[in-house]
Every structure is written in C-alpha cells, then in structure tokens.
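Containing compact mmCIF, C-alpha atoms: structure-v6.txt.
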```txt
# COMPACT_ATOMS: atom_id res chain seq x y z
CA MET X 260 -16.90 -197.57 -134.23
CA PRO X 261 -19.59 -195.05 -133.17
CA ALA X 262 -18.42 -191.53 -132.47
CA GLN X 263 -19.41 -191.77 -128.76
CA GLY X 264 -17.21 -194.82 -128.21
CA ARG X 265 -14.32 -193.20 -130.00
CA ASP X 266 -14.60 -190.13 -127.72
CA ARG X 267 -14.53 -192.23 -124.47
CA THR X 268 -11.55 -194.20 -125.69
CA ARG X 269 -9.76 -191.01 -126.63
CA ALA X 270 -10.45 -189.51 -123.16
CA GLU X 271 -9.18 -192.62 -121.37
CA GLY X 272 -6.09 -192.53 -123.51
CA LEU X 273 -5.44 -188.93 -122.59
CA LEU X 274 -5.81 -189.67 -118.84
CA SER X 275 -3.43 -192.57 -119.10
CA THR X 276 -0.82 -190.27 -120.52
CA VAL X 277 -0.86 -188.03 -117.40
CA PRO X 278 2.15 -189.18 -115.32
CA GLY X 279 1.29 -190.69 -111.87
CA LEU X 280 -2.44 -190.01 -112.07
CA ARG X 281 -3.65 -193.61 -111.99
CA PRO X 282 -1.43 -194.58 -108.94
CA ALA X 283 -2.62 -191.46 -107.13
CA ILE X 284 -6.26 -192.46 -107.57
CA ALA X 285 -5.50 -195.95 -106.27
CA LEU X 286 -3.64 -194.55 -103.24
CA ALA X 287 -6.47 -192.14 -102.42
CA LEU X 288 -9.01 -194.94 -102.58
CA GLY X 289 -6.86 -197.12 -100.33
CA LEU X 290 -6.48 -194.35 -97.75
CA PHE X 291 -10.24 -193.79 -97.74
CA LEU X 292 -10.86 -197.47 -97.03
CA VAL X 293 -8.26 -197.62 -94.24
CA ALA X 294 -9.61 -194.45 -92.64
CA SER X 295 -13.15 -195.78 -92.85
CA GLY X 296 -12.09 -199.04 -91.22
CA THR X 297 -10.21 -197.22 -88.43
CA LEU X 298 -13.17 -195.00 -87.55
CA ALA X 299 -15.45 -198.01 -87.33
CA GLY X 300 -12.95 -199.87 -85.14
CA ASN X 301 -12.77 -197.00 -82.69
CA ALA X 302 -16.38 -197.63 -81.76
CA TYR X 303 -15.32 -200.96 -80.27
CA TRP X 304 -12.45 -199.69 -78.12
CA SER X 305 -12.56 -199.53 -74.34
CA ALA X 306 -14.97 -197.41 -72.32
CA VAL X 307 -15.11 -196.84 -68.56
CA GLY X 308 -18.50 -196.26 -66.99
CA ALA X 309 -19.78 -194.30 -64.03
CA LYS X 310 -20.29 -196.05 -60.70
CA ASP X 311 -23.03 -198.70 -60.77
CA ALA X 312 -23.63 -197.89 -64.42
CA SER X 313 -23.88 -199.98 -67.56
CA VAL X 314 -20.93 -199.38 -69.84
CA ARG X 315 -21.15 -200.10 -73.54
CA ALA X 316 -18.41 -200.40 -76.12
CA ALA X 317 -20.43 -201.73 -79.04
CA MET X 318 -20.54 -205.50 -78.38
CA VAL X 319 -18.71 -205.26 -74.99
CA SER X 320 -20.87 -204.30 -72.00
CA VAL X 321 -20.66 -204.80 -68.21
CA THR X 322 -22.89 -203.92 -65.24
CA THR X 323 -22.35 -204.29 -61.48
CA ALA X 324 -24.76 -204.31 -58.55
CA GLY X 325 -24.58 -204.78 -54.80
CA GLY X 326 -21.20 -203.34 -53.85
CA GLU X 327 -22.73 -200.39 -52.01
CA ALA X 328 -23.74 -202.86 -49.28
CA LEU X 329 -20.08 -202.92 -48.19
CA THR X 330 -20.74 -199.56 -46.53
CA VAL X 331 -19.95 -200.05 -42.83
CA ALA X 332 -18.96 -198.24 -39.65
CA TYR X 333 -16.31 -200.37 -37.95
CA LYS X 334 -16.55 -200.31 -34.16
CA GLN X 335 -14.16 -201.51 -31.48
CA GLY X 336 -16.98 -202.83 -29.31
CA PHE X 337 -16.96 -203.42 -25.56
CA ALA X 338 -16.54 -207.12 -24.83
CA ALA X 339 -17.27 -206.78 -21.11
CA ILE X 340 -20.90 -205.91 -21.82
CA SER X 341 -21.30 -207.91 -25.03
CA PRO X 342 -23.71 -208.54 -26.72
CA MET X 343 -24.91 -205.01 -25.95
CA ALA X 344 -21.92 -203.50 -27.75
CA PRO X 345 -20.32 -206.14 -29.98
CA PRO X 346 -17.34 -205.22 -32.13
CA VAL X 347 -17.91 -204.56 -35.83
CA LEU X 348 -14.70 -205.50 -37.62
CA ALA X 349 -15.96 -206.96 -40.92
CA ASP X 350 -18.68 -206.55 -43.52
CA THR X 351 -19.95 -209.01 -46.13
CA ALA X 352 -22.06 -208.32 -49.22
CA PRO X 353 -23.07 -209.99 -52.50
CA ILE X 354 -21.86 -208.40 -55.74
CA ASP X 355 -23.18 -209.28 -59.20
CA VAL X 356 -21.14 -208.60 -62.33
CA THR X 357 -23.14 -209.12 -65.52
CA ASN X 358 -21.92 -209.43 -69.11
CA THR X 359 -24.66 -207.54 -70.95
CA GLY X 360 -22.78 -207.51 -74.24
CA GLY X 361 -22.64 -209.98 -77.10
CA THR X 362 -19.27 -211.65 -76.55
CA PRO X 363 -17.64 -213.72 -73.75
CA LEU X 364 -15.55 -211.70 -71.29
CA ASN X 365 -12.61 -212.34 -68.97
CA TYR X 366 -12.74 -210.19 -65.83
CA THR X 367 -10.28 -208.38 -63.59
CA VAL X 368 -10.92 -206.21 -60.53
CA GLU X 369 -9.22 -203.03 -59.33
CA VAL X 370 -9.74 -200.78 -56.29
CA SER X 371 -9.21 -197.04 -56.05
CA GLY X 372 -9.33 -195.03 -52.84
CA GLY X 373 -8.55 -198.01 -50.61
CA VAL X 374 -6.10 -198.59 -47.75
CA ALA X 375 -3.96 -201.51 -46.61
CA ALA X 376 -5.63 -201.51 -43.17
CA VAL X 377 -8.77 -203.08 -44.67
CA GLY X 378 -8.58 -206.61 -46.06
CA LEU X 379 -10.65 -207.76 -49.05
CA GLN X 380 -11.72 -211.35 -49.71
CA LEU X 381 -13.64 -212.53 -52.79
CA TRP X 382 -15.27 -215.87 -53.55
CA LYS X 383 -17.90 -217.35 -55.86
CA ARG X 384 -21.22 -216.93 -54.10
CA GLY X 385 -23.25 -219.90 -52.97
CA ALA X 386 -26.62 -220.02 -51.23
CA THR X 387 -25.69 -217.38 -48.64
CA CYS X 388 -23.47 -214.33 -48.42
CA ASP X 389 -23.51 -212.82 -44.95
CA ALA X 390 -21.39 -212.48 -41.82
CA ALA X 391 -21.83 -216.17 -40.97
CA THR X 392 -20.86 -217.44 -44.43
CA THR X 393 -17.61 -219.39 -44.68
CA PRO X 394 -15.55 -218.40 -47.74
CA ALA X 395 -15.81 -220.97 -50.53
CA PRO X 396 -12.81 -222.99 -51.73
CA GLY X 397 -10.81 -220.90 -54.15
CA ALA X 398 -11.46 -217.64 -52.28
CA THR X 399 -8.82 -214.98 -52.91
CA SER X 400 -7.47 -212.46 -50.40
CA GLY X 401 -5.83 -209.05 -50.55
CA THR X 402 -6.50 -205.54 -49.27
CA LEU X 403 -8.31 -202.43 -50.45
CA ALA X 404 -4.85 -201.11 -51.39
CA ALA X 405 -3.73 -204.28 -53.21
CA PRO X 406 -6.88 -206.18 -54.21
CA PRO X 407 -6.85 -209.92 -54.91
CA ALA X 408 -7.42 -211.48 -58.30
CA LEU X 409 -10.90 -212.78 -58.95
CA PRO X 410 -11.43 -216.43 -58.00
CA SER X 411 -10.66 -218.73 -60.94
CA ASP X 412 -14.26 -220.02 -60.97
CA ALA X 413 -15.66 -216.48 -61.15
CA ALA X 414 -13.32 -214.75 -63.57
CA SER X 415 -15.18 -215.06 -66.87
CA ALA X 416 -18.71 -215.06 -68.24
CA ALA X 417 -20.42 -215.90 -71.51
CA ALA X 418 -22.40 -213.28 -73.38
CA GLY X 419 -25.51 -212.40 -71.41
CA ALA X 420 -24.31 -214.28 -68.31
CA GLY X 421 -22.99 -213.02 -64.98
CA ILE X 422 -20.73 -213.92 -62.08
CA ALA X 423 -22.08 -213.98 -58.53
CA LEU X 424 -19.47 -212.93 -55.97
CA CYS X 425 -19.40 -212.68 -52.21
CA ALA X 426 -17.11 -209.89 -50.94
CA ARG X 427 -15.88 -209.43 -47.39
CA THR X 428 -13.91 -206.48 -46.02
CA THR X 429 -12.14 -206.80 -42.67
CA LEU X 430 -10.44 -204.19 -40.52
CA THR X 431 -7.05 -205.79 -39.93
CA SER X 432 -5.08 -203.10 -38.10
CA ILE X 433 -4.98 -202.37 -34.37
CA PHE X 434 -8.12 -200.38 -33.69
CA SER X 435 -6.27 -197.47 -32.10
CA ASP X 436 -4.37 -197.10 -35.39
CA ALA X 437 -7.54 -197.29 -37.47
CA ALA X 438 -9.78 -195.01 -35.38
CA GLY X 439 -10.82 -191.98 -37.41
CA LEU X 440 -10.52 -193.87 -40.70
CA SER X 441 -12.90 -192.63 -43.40
CA LEU X 442 -12.71 -193.75 -47.01
CA VAL X 443 -14.88 -194.16 -50.10
CA PRO X 444 -13.24 -196.88 -52.22
CA THR X 445 -14.46 -197.96 -55.65
CA LEU X 446 -14.37 -201.55 -56.90
CA THR X 447 -14.04 -201.57 -60.69
CA PHE X 448 -14.69 -204.75 -62.68
CA THR X 449 -13.33 -204.86 -66.23
CA GLY X 450 -14.39 -207.39 -68.86
CA ARG X 451 -11.98 -207.95 -71.74
CA VAL X 452 -11.92 -209.51 -75.19
CA GLY X 453 -8.36 -209.82 -76.41
CA ASP X 454 -5.94 -207.02 -75.67
CA ASN X 455 -7.97 -203.97 -76.60
CA TRP X 456 -11.70 -204.53 -76.37
CA ASN X 457 -12.91 -203.97 -72.82
CA ALA X 458 -15.61 -202.36 -70.74
CA SER X 459 -15.64 -201.51 -67.03
CA ALA X 460 -18.24 -200.76 -64.39
CA GLY X 461 -17.62 -199.72 -60.78
CA THR X 462 -19.38 -199.63 -57.44
CA SER X 463 -18.49 -197.40 -54.48
CA PHE X 464 -19.07 -197.66 -50.75
CA THR X 465 -18.18 -195.76 -47.59
CA GLN X 466 -16.25 -197.21 -44.64
CA THR X 467 -15.37 -195.55 -41.33
CA ALA X 468 -13.80 -196.67 -38.07
CA SER X 469 -14.67 -195.08 -34.75
CA TYR X 470 -14.62 -195.88 -31.05
CA ASN X 471 -17.67 -196.81 -29.02
CA TRP X 472 -18.42 -194.13 -26.43
CA PHE X 473 -20.48 -194.65 -23.28
CA GLN X 474 -21.99 -192.84 -20.38
CA VAL X 475 -21.18 -194.64 -17.12
CA LYS X 476 -24.44 -194.51 -15.23
CA HIS X 477 -24.74 -195.12 -11.47
CA ASN X 478 -27.62 -197.56 -11.11
CA SER X 479 -28.99 -196.41 -7.78
CA SER X 480 -29.05 -192.66 -8.43
CA ALA X 481 -29.37 -192.74 -12.25
CA LYS X 482 -26.60 -190.11 -12.33
CA CYS X 483 -23.39 -190.21 -14.35
CA LEU X 484 -19.65 -190.39 -13.94
CA ASP X 485 -18.44 -186.86 -14.75
CA GLY X 486 -15.28 -184.80 -15.01
CA GLU X 487 -15.57 -182.01 -12.44
CA GLY X 488 -16.04 -178.53 -13.90
CA ALA X 489 -16.73 -179.97 -17.37
CA ALA X 490 -13.00 -180.58 -17.65
CA ASN X 491 -11.10 -183.48 -19.19
CA THR X 492 -7.51 -182.58 -18.30
CA VAL X 493 -4.99 -184.29 -16.02
CA GLY X 494 -5.82 -183.70 -12.35
CA THR X 495 -9.59 -183.36 -12.88
CA ARG X 496 -11.55 -185.16 -10.17
CA MET X 497 -14.21 -187.64 -11.16
CA ILE X 498 -17.58 -186.77 -9.61
CA LEU X 499 -21.20 -187.91 -9.71
CA PHE X 500 -23.51 -185.55 -11.58
CA SER X 501 -26.91 -185.54 -13.26
CA CYS X 502 -26.64 -187.10 -16.70
CA ALA X 503 -26.44 -184.63 -19.58
CA ALA X 504 -27.44 -185.14 -23.21
CA ALA X 505 -25.13 -187.82 -24.56
CA ASN X 506 -22.29 -186.78 -26.84
CA ALA X 507 -18.96 -188.38 -27.63
CA THR X 508 -16.79 -185.38 -26.77
CA GLY X 509 -18.15 -184.30 -23.42
CA ASN X 510 -16.91 -184.91 -19.90
CA GLN X 511 -19.57 -187.60 -19.34
CA SER X 512 -18.44 -189.77 -22.27
CA PHE X 513 -15.90 -192.56 -21.92
CA ARG X 514 -14.30 -195.23 -24.06
CA PHE X 515 -12.86 -198.51 -22.87
CA GLU X 516 -9.60 -199.65 -24.44
CA PRO X 517 -8.97 -203.38 -23.96
CA VAL X 518 -5.58 -204.22 -22.44
CA GLY X 519 -5.69 -207.99 -22.27
CA SER X 520 -8.88 -208.74 -20.32
CA ARG X 521 -8.81 -205.36 -18.53
CA TYR X 522 -9.64 -201.86 -19.67
CA ARG X 523 -8.05 -198.44 -19.77
CA ILE X 524 -10.76 -195.75 -19.49
CA TYR X 525 -10.46 -192.55 -21.55
CA ILE X 526 -12.64 -189.48 -21.13
CA GLY X 527 -14.40 -187.80 -24.08
CA ASN X 528 -12.24 -185.77 -26.46
CA GLY X 529 -9.20 -187.60 -25.15
CA THR X 530 -6.77 -189.13 -27.60
CA ALA X 531 -4.75 -192.33 -27.65
CA ALA X 532 -2.31 -190.40 -25.43
CA GLY X 533 -4.83 -189.96 -22.62
CA PRO X 534 -5.66 -188.77 -20.02
CA VAL X 535 -7.17 -191.84 -18.33
CA ILE X 536 -9.02 -192.58 -15.09
CA ALA X 537 -7.16 -193.91 -12.04
CA PRO X 538 -7.10 -193.60 -8.23
CA ILE X 539 -4.22 -191.54 -6.86
CA ALA X 540 -3.33 -194.29 -4.35
CA ASP X 541 -4.15 -197.90 -3.53
CA ALA X 542 -5.91 -197.39 -0.18
CA ASN X 543 -9.61 -197.18 0.67
CA ASN X 544 -11.17 -193.77 -0.03
CA SER X 545 -8.42 -192.79 -2.48
CA GLN X 546 -9.61 -190.09 -4.86
CA VAL X 547 -10.23 -191.05 -8.51
CA GLN X 548 -9.14 -188.54 -11.15
CA LEU X 549 -7.67 -188.10 -14.61
CA VAL X 550 -3.99 -189.02 -14.86
CA THR X 551 -1.32 -189.16 -17.56
CA LYS X 552 -1.45 -192.44 -19.44
CA THR X 553 1.43 -194.86 -19.03
CA THR X 554 2.21 -198.05 -20.93
CA ALA X 555 5.26 -199.11 -18.89
CA ALA X 556 4.69 -202.25 -16.83
CA GLY X 557 4.43 -201.57 -13.12
CA ALA X 558 2.23 -200.17 -10.38
CA ALA X 559 1.28 -197.01 -12.31
CA LEU X 560 0.00 -199.05 -15.26
CA ASP X 561 -1.94 -201.47 -13.05
CA ARG X 562 -3.52 -198.52 -11.25
CA GLN X 563 -4.85 -197.27 -14.61
CA LEU X 564 -6.48 -200.58 -15.51
CA TRP X 565 -9.94 -201.74 -14.51
CA SER X 566 -11.80 -205.05 -14.58
CA ILE X 567 -15.45 -204.74 -15.61
CA VAL X 568 -17.38 -207.46 -13.77
CA GLN X 569 -21.06 -208.26 -14.07
CA HIS X 570 -22.32 -208.74 -10.50
CA GLY X 571 -25.68 -209.15 -8.84
CA VAL X 572 -28.68 -208.14 -10.92
CA ALA X 573 -28.35 -208.47 -14.69
CA GLY X 574 -27.03 -205.21 -16.09
CA ASP X 575 -25.18 -204.29 -12.87
CA TYR X 576 -21.40 -203.99 -13.16
CA GLN X 577 -18.55 -203.33 -10.76
CA LEU X 578 -15.42 -201.46 -11.89
CA ILE X 579 -12.55 -203.07 -10.00
CA ASN X 580 -9.12 -201.44 -9.96
CA VAL X 581 -6.45 -203.93 -11.03
CA ARG X 582 -3.72 -202.57 -8.77
CA SER X 583 -5.64 -202.44 -5.49
CA GLY X 584 -8.58 -204.77 -6.10
CA LEU X 585 -10.85 -201.99 -4.79
CA CYS X 586 -14.14 -200.94 -6.41
CA LEU X 587 -15.12 -197.60 -7.88
CA THR X 588 -17.65 -196.00 -5.52
CA MET X 589 -18.80 -192.70 -4.00
CA LEU X 590 -19.76 -191.53 -0.51
CA SER X 591 -23.21 -190.21 -1.46
CA SER X 592 -25.58 -189.94 -4.39
CA ALA X 593 -25.68 -186.14 -4.34
CA ASP X 594 -24.44 -184.08 -7.29
CA LEU X 595 -20.70 -183.32 -7.04
CA ALA X 596 -20.02 -186.33 -4.77
CA PRO X 597 -16.41 -187.37 -5.53
CA PHE X 598 -15.56 -190.86 -6.73
CA THR X 599 -13.17 -192.98 -4.69
CA VAL X 600 -12.16 -196.64 -4.46
CA ASP X 601 -13.22 -198.86 -1.58
CA THR X 602 -13.51 -202.50 -0.58
CA CYS X 603 -15.85 -204.29 -2.95
CA ASP X 604 -19.20 -205.43 -1.59
CA ASN X 605 -19.66 -209.02 -2.67
CA SER X 606 -23.27 -209.39 -1.57
CA THR X 607 -26.07 -209.49 -4.11
CA SER X 608 -28.57 -207.56 -2.01
CA THR X 609 -29.59 -204.53 -4.00
CA LYS X 610 -30.94 -202.92 -0.82
CA LYS X 611 -27.52 -202.60 0.79
CA ALA X 612 -25.99 -199.13 0.60
CA ALA X 613 -22.59 -200.57 -0.32
CA TYR X 614 -24.09 -202.55 -3.20
CA GLN X 615 -25.96 -199.50 -4.42
CA ALA X 616 -22.86 -197.30 -4.24
CA GLU X 617 -20.62 -199.42 -6.46
CA HIS X 618 -22.84 -200.77 -9.24
CA PHE X 619 -23.06 -199.16 -12.67
CA ASN X 620 -24.33 -199.73 -16.17
CA PHE X 621 -23.25 -198.40 -19.54
CA VAL X 622 -25.29 -196.42 -22.05
CA GLU X 623 -23.78 -196.32 -25.53
CA ILE X 624 -23.65 -192.90 -27.14
CA PRO X 625 -24.88 -193.00 -30.77
```

Kindly present the structure from the file in structure tokens form.
Amino acid sequence: MPAQGRDRTRAEGLLSTVPGLRPAIALALGLFLVASGTLAGNAYWSAVGAKDASVRAAMVSVTTAGGEALTVAYKQGFAAISPMAPPVLADTAPIDVTNTGGTPLNYTVEVSGGVAAVGLQLWKRGATCDAATTPAPGATSGTLAAPPALPSDAASAAAGAGIALCARTTLTSIFSDAAGLSLVPTLTFTGRVGDNWNASAGTSFTQTASYNWFQVKHNSSAKCLDGEGAANTVGTRMILFSCAAANATGNQSFRFEPVGSRYRIYIGNGTAAGPVIAPIADANNSQVQLVTKTTAAGAALDRQLWSIVQHGVAGDYQLINVRSGLCLTMLSSADLAPFTVDTCDNSTSTKKAAYQAEHFNFVEIP
C-alpha cells in the first residue's frame, strides 16, 4: 500500500477511537438541516397587509379593492318633502378579492372597528351592485360588530382568480340612537392554505349618522322661522326674521323627528330631550314658542306635533298643529313678528293674505 493511503487510514482509525466523536458529527449535521428547513418554512407563514395593499407570504398572496365605496353619511331624511330630502339608511358597493398567489385559497372575513347598529350583508356579485340590487340567493347577513361568513359560492378562489362580492351596510337602529355615530371600520379578507399558510388584505371606509337640518322659510317674505334673541331655550318665542347664513346649530335651524306620520320640531343645538316647538294653547292667535318635550300620550304631546302638508303651489307647505288643527302663521311679514296659530286657509289663491301668511318651504342645511 502506498504511504499516502496508509497515512489516511491511520488518521481515520485514530478519529474512530475518539469516544462519541462520530455521533456528535452526525447530530450537528442533522441540527443544521433541521434549522435550515425551519428558516425556509418561516418565509411561507402568515402575513397581514396594510389596508388596500397586496400581501405576500411566498406563494400565498391576496389583494382587495372597492371597499372604500362603503363610505356613507347616513341621514334620517324628511319624508314630508321627499324626494327633496330622502333618507339615507343603506350603502351598497362592489368588493373584489383577488388571489394573486400560486395556490388555491379558502377565504374568511373579519371586521374591526364596527358596531352592532350597522348591518352587513354579503353576496356573490352579478351584473349590478347598487342600491336597487336585490341580494342574490345565498347572501349572508350579520353586523359590523359580528360579520357574516362569506357566501358559500364566494368563499374560495383558484390561484390567480378572484371573488366578486356585493356588500351592503344598513343602519338598523332607531335614528335618534344612532345620531352622532362616526366609525372607520376595516374589512379584512384572509386566504388560507391548510392551518398555517395565510395572507390577509383589508379595506377601510368611514360611516357617520347625522340628522337633516333645515331652515323653515316663509314663502311670501323669504324670511325665516327664528328663535327670538338668538335663543334656543324653553320659553323662547318663535319670530319671523331675515334669514341668516345656514348652520346646523343656530336658532334658525330645525330638525323634524317623525312620530308616526307627524313631526316633532327641534331647534338647532337641541338634543333628543328638546326643547321643541308648540303653541301655548289651542285657540286662534296662541303664541308659538319652545317648550319642554313630552312623550306621554295626551294633549301636551299632541300640541307638540305637527302635520306637514303640501298645499297650493308646488313647494308650498302648511304646518298644521295636531292638537288644535290650526296652522302656523304670523300677523305681519316684518322682522320680529311673532308666530301664532290660526285657522287654516284652504284656498289655493297665492294672492290672499291668509294664504301668504301660512305657507312655507324648507331649505336643507348642508
């Protein structure tokens, strides 16, 4: 045997005589392979993306688009003068969720920042997705606090494919409970492969709920219903005054709360507790002022309610007190003229003083 071969054999023999050395080398190699495999696997674990962003976890990737169109300002509306001030109690928008990765995905949806007062409905989108669209069979329903599952026909997508959803939010609570609502919820769609591989993408939108506010404008004089002395407290007389710049908190701004088919009228900056507008008695020429709101059935409640009736020329309305059947009017068209109630003029002649005195229109305050 050549000397070089004898030397290698001798060296190997010496190593083999060192106790535990060969098992240690095998263990070290095994640990290196396991560690290498674990580090590579981590690249495929879940990742959560920013709003409306593409999120990648190696072969798992999801994008969303369209959810921002669920931004809406819910409004109570004013049915008596509809369609000039229709209610806004729902919003509908298309949402696309796309599997931009290389493997099929099963989807789930979650909502953060939502409330139970707003319902959420999801269905697979057809040819249209707007306010007039009827939800498709298989639509699912929940709220922005407890969202529904995705429809069974829109809960998975092949690699490179997407799901086309139609989403509808609806204000479901009594409007007086929802007024002042302001939220920015986020819909997050997560695509999964097995138990651990997943990617998510979210879309956010803003929703608010607020009352409609109006100036009550006297048609003949082009002046406005006003709280005397710029006040809005109980006992303040209602007067006629030149219209000021419109704002929702002033003493020339009013909101109309539906009570059945009638309305309770609040002055600007008032709350759900009042005060509200009413005559102090049921006779002709009774003064109209701000009074403490009541909800107890009886004469006091009826005196605080008004029917809004379109009469005569289009855009002309009478405000008829429910208790007395008398109309809101004033004795002159001069600034500071006090409002009273009087027998309604049923003629349609716009030249008559009585007609002119008791007809109004409504200008919505932005």

Among X:Val331, X:Ala438, X:Ala481, X:Ile526, Phe513 in chain X is approached most closely, using all atoms listed in the file, by X:Ile526

Taking the point (-13.7, -202.4, -12.5) as given in the file, collect each protein or nucleic acid residue that comes within 7 Å of it, counting all atoms listed in the file, and present the set as number ranges by chain.
-> X: 565-568, 577-580, 586-587

6 Å contact set for range 343-359 of chain X, all atoms listed in the file, chain neighbours under 3 positions out, as a PyMOL selection string = chain X and resi 320-326+328-329+333-337+340+388-390+418-430

Distance query Thr495 in chain X at most 6 Å, only C-alpha atoms, self and fewer than 3 positions along chain excluded, as a PyMOL selection string | chain X and resi 492+548-549

To one decimal in Å, tell me the separation between CA of Ala531 in chain X and CA of Phe500 in chain X.
->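 Going from CA of Ala531 in chain X over to CA of Phe500 in chain X covers 25.6 Å.
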
Atom completion result for range 327-345 of chain X (N, CA and C atoms) as a PDB file, in the frame of the given file:
```
ATOM      1  N   GLU X 327     -22.464-201.441 -52.982  1.00  0.00           N
ATOM      2  CA  GLU X 327     -22.730-200.390 -52.010  1.00  0.00           C
ATOM      3  C   GLU X 327     -23.062-200.960 -50.631  1.00  0.00           C
ATOM      4  N   ALA X 328     -23.429-202.235 -50.570  1.00  0.00           N
ATOM      5  CA  ALA X 328     -23.740-202.860 -49.280  1.00  0.00           C
ATOM      6  C   ALA X 328     -22.492-203.096 -48.436  1.00  0.00           C
ATOM      7  N   LEU X 329     -21.309-202.842 -48.988  1.00  0.00           N
ATOM      8  CA  LEU X 329     -20.080-202.920 -48.190  1.00  0.00           C
ATOM      9  C   LEU X 329     -19.864-201.658 -47.358  1.00  0.00           C
ATOM     10  N   THR X 330     -20.795-200.731 -47.408  1.00  0.00           N
ATOM     11  CA  THR X 330     -20.740-199.560 -46.530  1.00  0.00           C
ATOM     12  C   THR X 330     -20.870-200.019 -45.081  1.00  0.00           C
ATOM     13  N   VAL X 331     -19.943-199.579 -44.226  1.00  0.00           N
ATOM     14  CA  VAL X 331     -19.950-200.050 -42.830  1.00  0.00           C
ATOM     15  C   VAL X 331     -19.244-199.039 -41.945  1.00  0.00           C
ATOM     16  N   ALA X 332     -19.664-198.990 -40.692  1.00  0.00           N
ATOM     17  CA  ALA X 332     -18.960-198.240 -39.650  1.00  0.00           C
ATOM     18  C   ALA X 332     -18.323-199.266 -38.722  1.00  0.00           C
ATOM     19  N   TYR X 333     -17.007-199.438 -38.842  1.00  0.00           N
ATOM     20  CA  TYR X 333     -16.310-200.370 -37.950  1.00  0.00           C
ATOM     21  C   TYR X 333     -16.321-199.807 -36.527  1.00  0.00           C
ATOM     22  N   LYS X 334     -16.529-200.704 -35.560  1.00  0.00           N
ATOM     23  CA  LYS X 334     -16.550-200.310 -34.160  1.00  0.00           C
ATOM     24  C   LYS X 334     -15.677-201.260 -33.343  1.00  0.00           C
ATOM     25  N   GLN X 335     -15.010-200.694 -32.327  1.00  0.00           N
ATOM     26  CA  GLN X 335     -14.160-201.510 -31.480  1.00  0.00           C
ATOM     27  C   GLN X 335     -14.973-202.455 -30.600  1.00  0.00           C
ATOM     28  N   GLY X 336     -16.154-202.015 -30.186  1.00  0.00           N
ATOM     29  CA  GLY X 336     -16.980-202.830 -29.310  1.00  0.00           C
ATOM     30  C   GLY X 336     -16.531-202.736 -27.857  1.00  0.00           C
ATOM     31  N   PHE X 337     -17.247-203.417 -26.999  1.00  0.00           N
ATOM     32  CA  PHE X 337     -16.960-203.420 -25.560  1.00  0.00           C
ATOM     33  C   PHE X 337     -17.302-204.820 -25.064  1.00  0.00           C
ATOM     34  N   ALA X 338     -16.305-205.695 -25.093  1.00  0.00           N
ATOM     35  CA  ALA X 338     -16.540-207.120 -24.830  1.00  0.00           C
ATOM     36  C   ALA X 338     -17.125-207.380 -23.461  1.00  0.00           C
ATOM     37  N   ALA X 339     -16.808-206.540 -22.480  1.00  0.00           N
ATOM     38  CA  ALA X 339     -17.270-206.780 -21.110  1.00  0.00           C
ATOM     39  C   ALA X 339     -18.783-206.739 -21.008  1.00  0.00           C
ATOM     40  N   ILE X 340     -19.441-205.993 -21.885  1.00  0.00           N
ATOM     41  CA  ILE X 340     -20.900-205.910 -21.820  1.00  0.00           C
ATOM     42  C   ILE X 340     -21.541-206.491 -23.076  1.00  0.00           C
ATOM     43  N   SER X 341     -20.753-207.256 -23.842  1.00  0.00           N
ATOM     44  CA  SER X 341     -21.300-207.910 -25.030  1.00  0.00           C
ATOM     45  C   SER X 341     -22.423-208.845 -24.584  1.00  0.00           C
ATOM     46  N   PRO X 342     -23.530-208.988 -25.333  1.00  0.00           N
ATOM     47  CA  PRO X 342     -23.710-208.540 -26.720  1.00  0.00           C
ATOM     48  C   PRO X 342     -24.299-207.138 -26.874  1.00  0.00           C
ATOM     49  N   MET X 343     -24.334-206.344 -25.816  1.00  0.00           N
ATOM     50  CA  MET X 343     -24.910-205.010 -25.950  1.00  0.00           C
ATOM     51  C   MET X 343     -24.087-204.118 -26.870  1.00  0.00           C
ATOM     52  N   ALA X 344     -22.780-204.322 -26.899  1.00  0.00           N
ATOM     53  CA  ALA X 344     -21.920-203.500 -27.750  1.00  0.00           C
ATOM     54  C   ALA X 344     -20.859-204.389 -28.403  1.00  0.00           C
ATOM     55  N   PRO X 345     -21.280-205.246 -29.335  1.00  0.00           N
ATOM     56  CA  PRO X 345     -20.320-206.140 -29.980  1.00  0.00           C
ATOM     57  C   PRO X 345     -19.409-205.370 -30.930  1.00  0.00           C
TER      58      PRO X 345
END
```
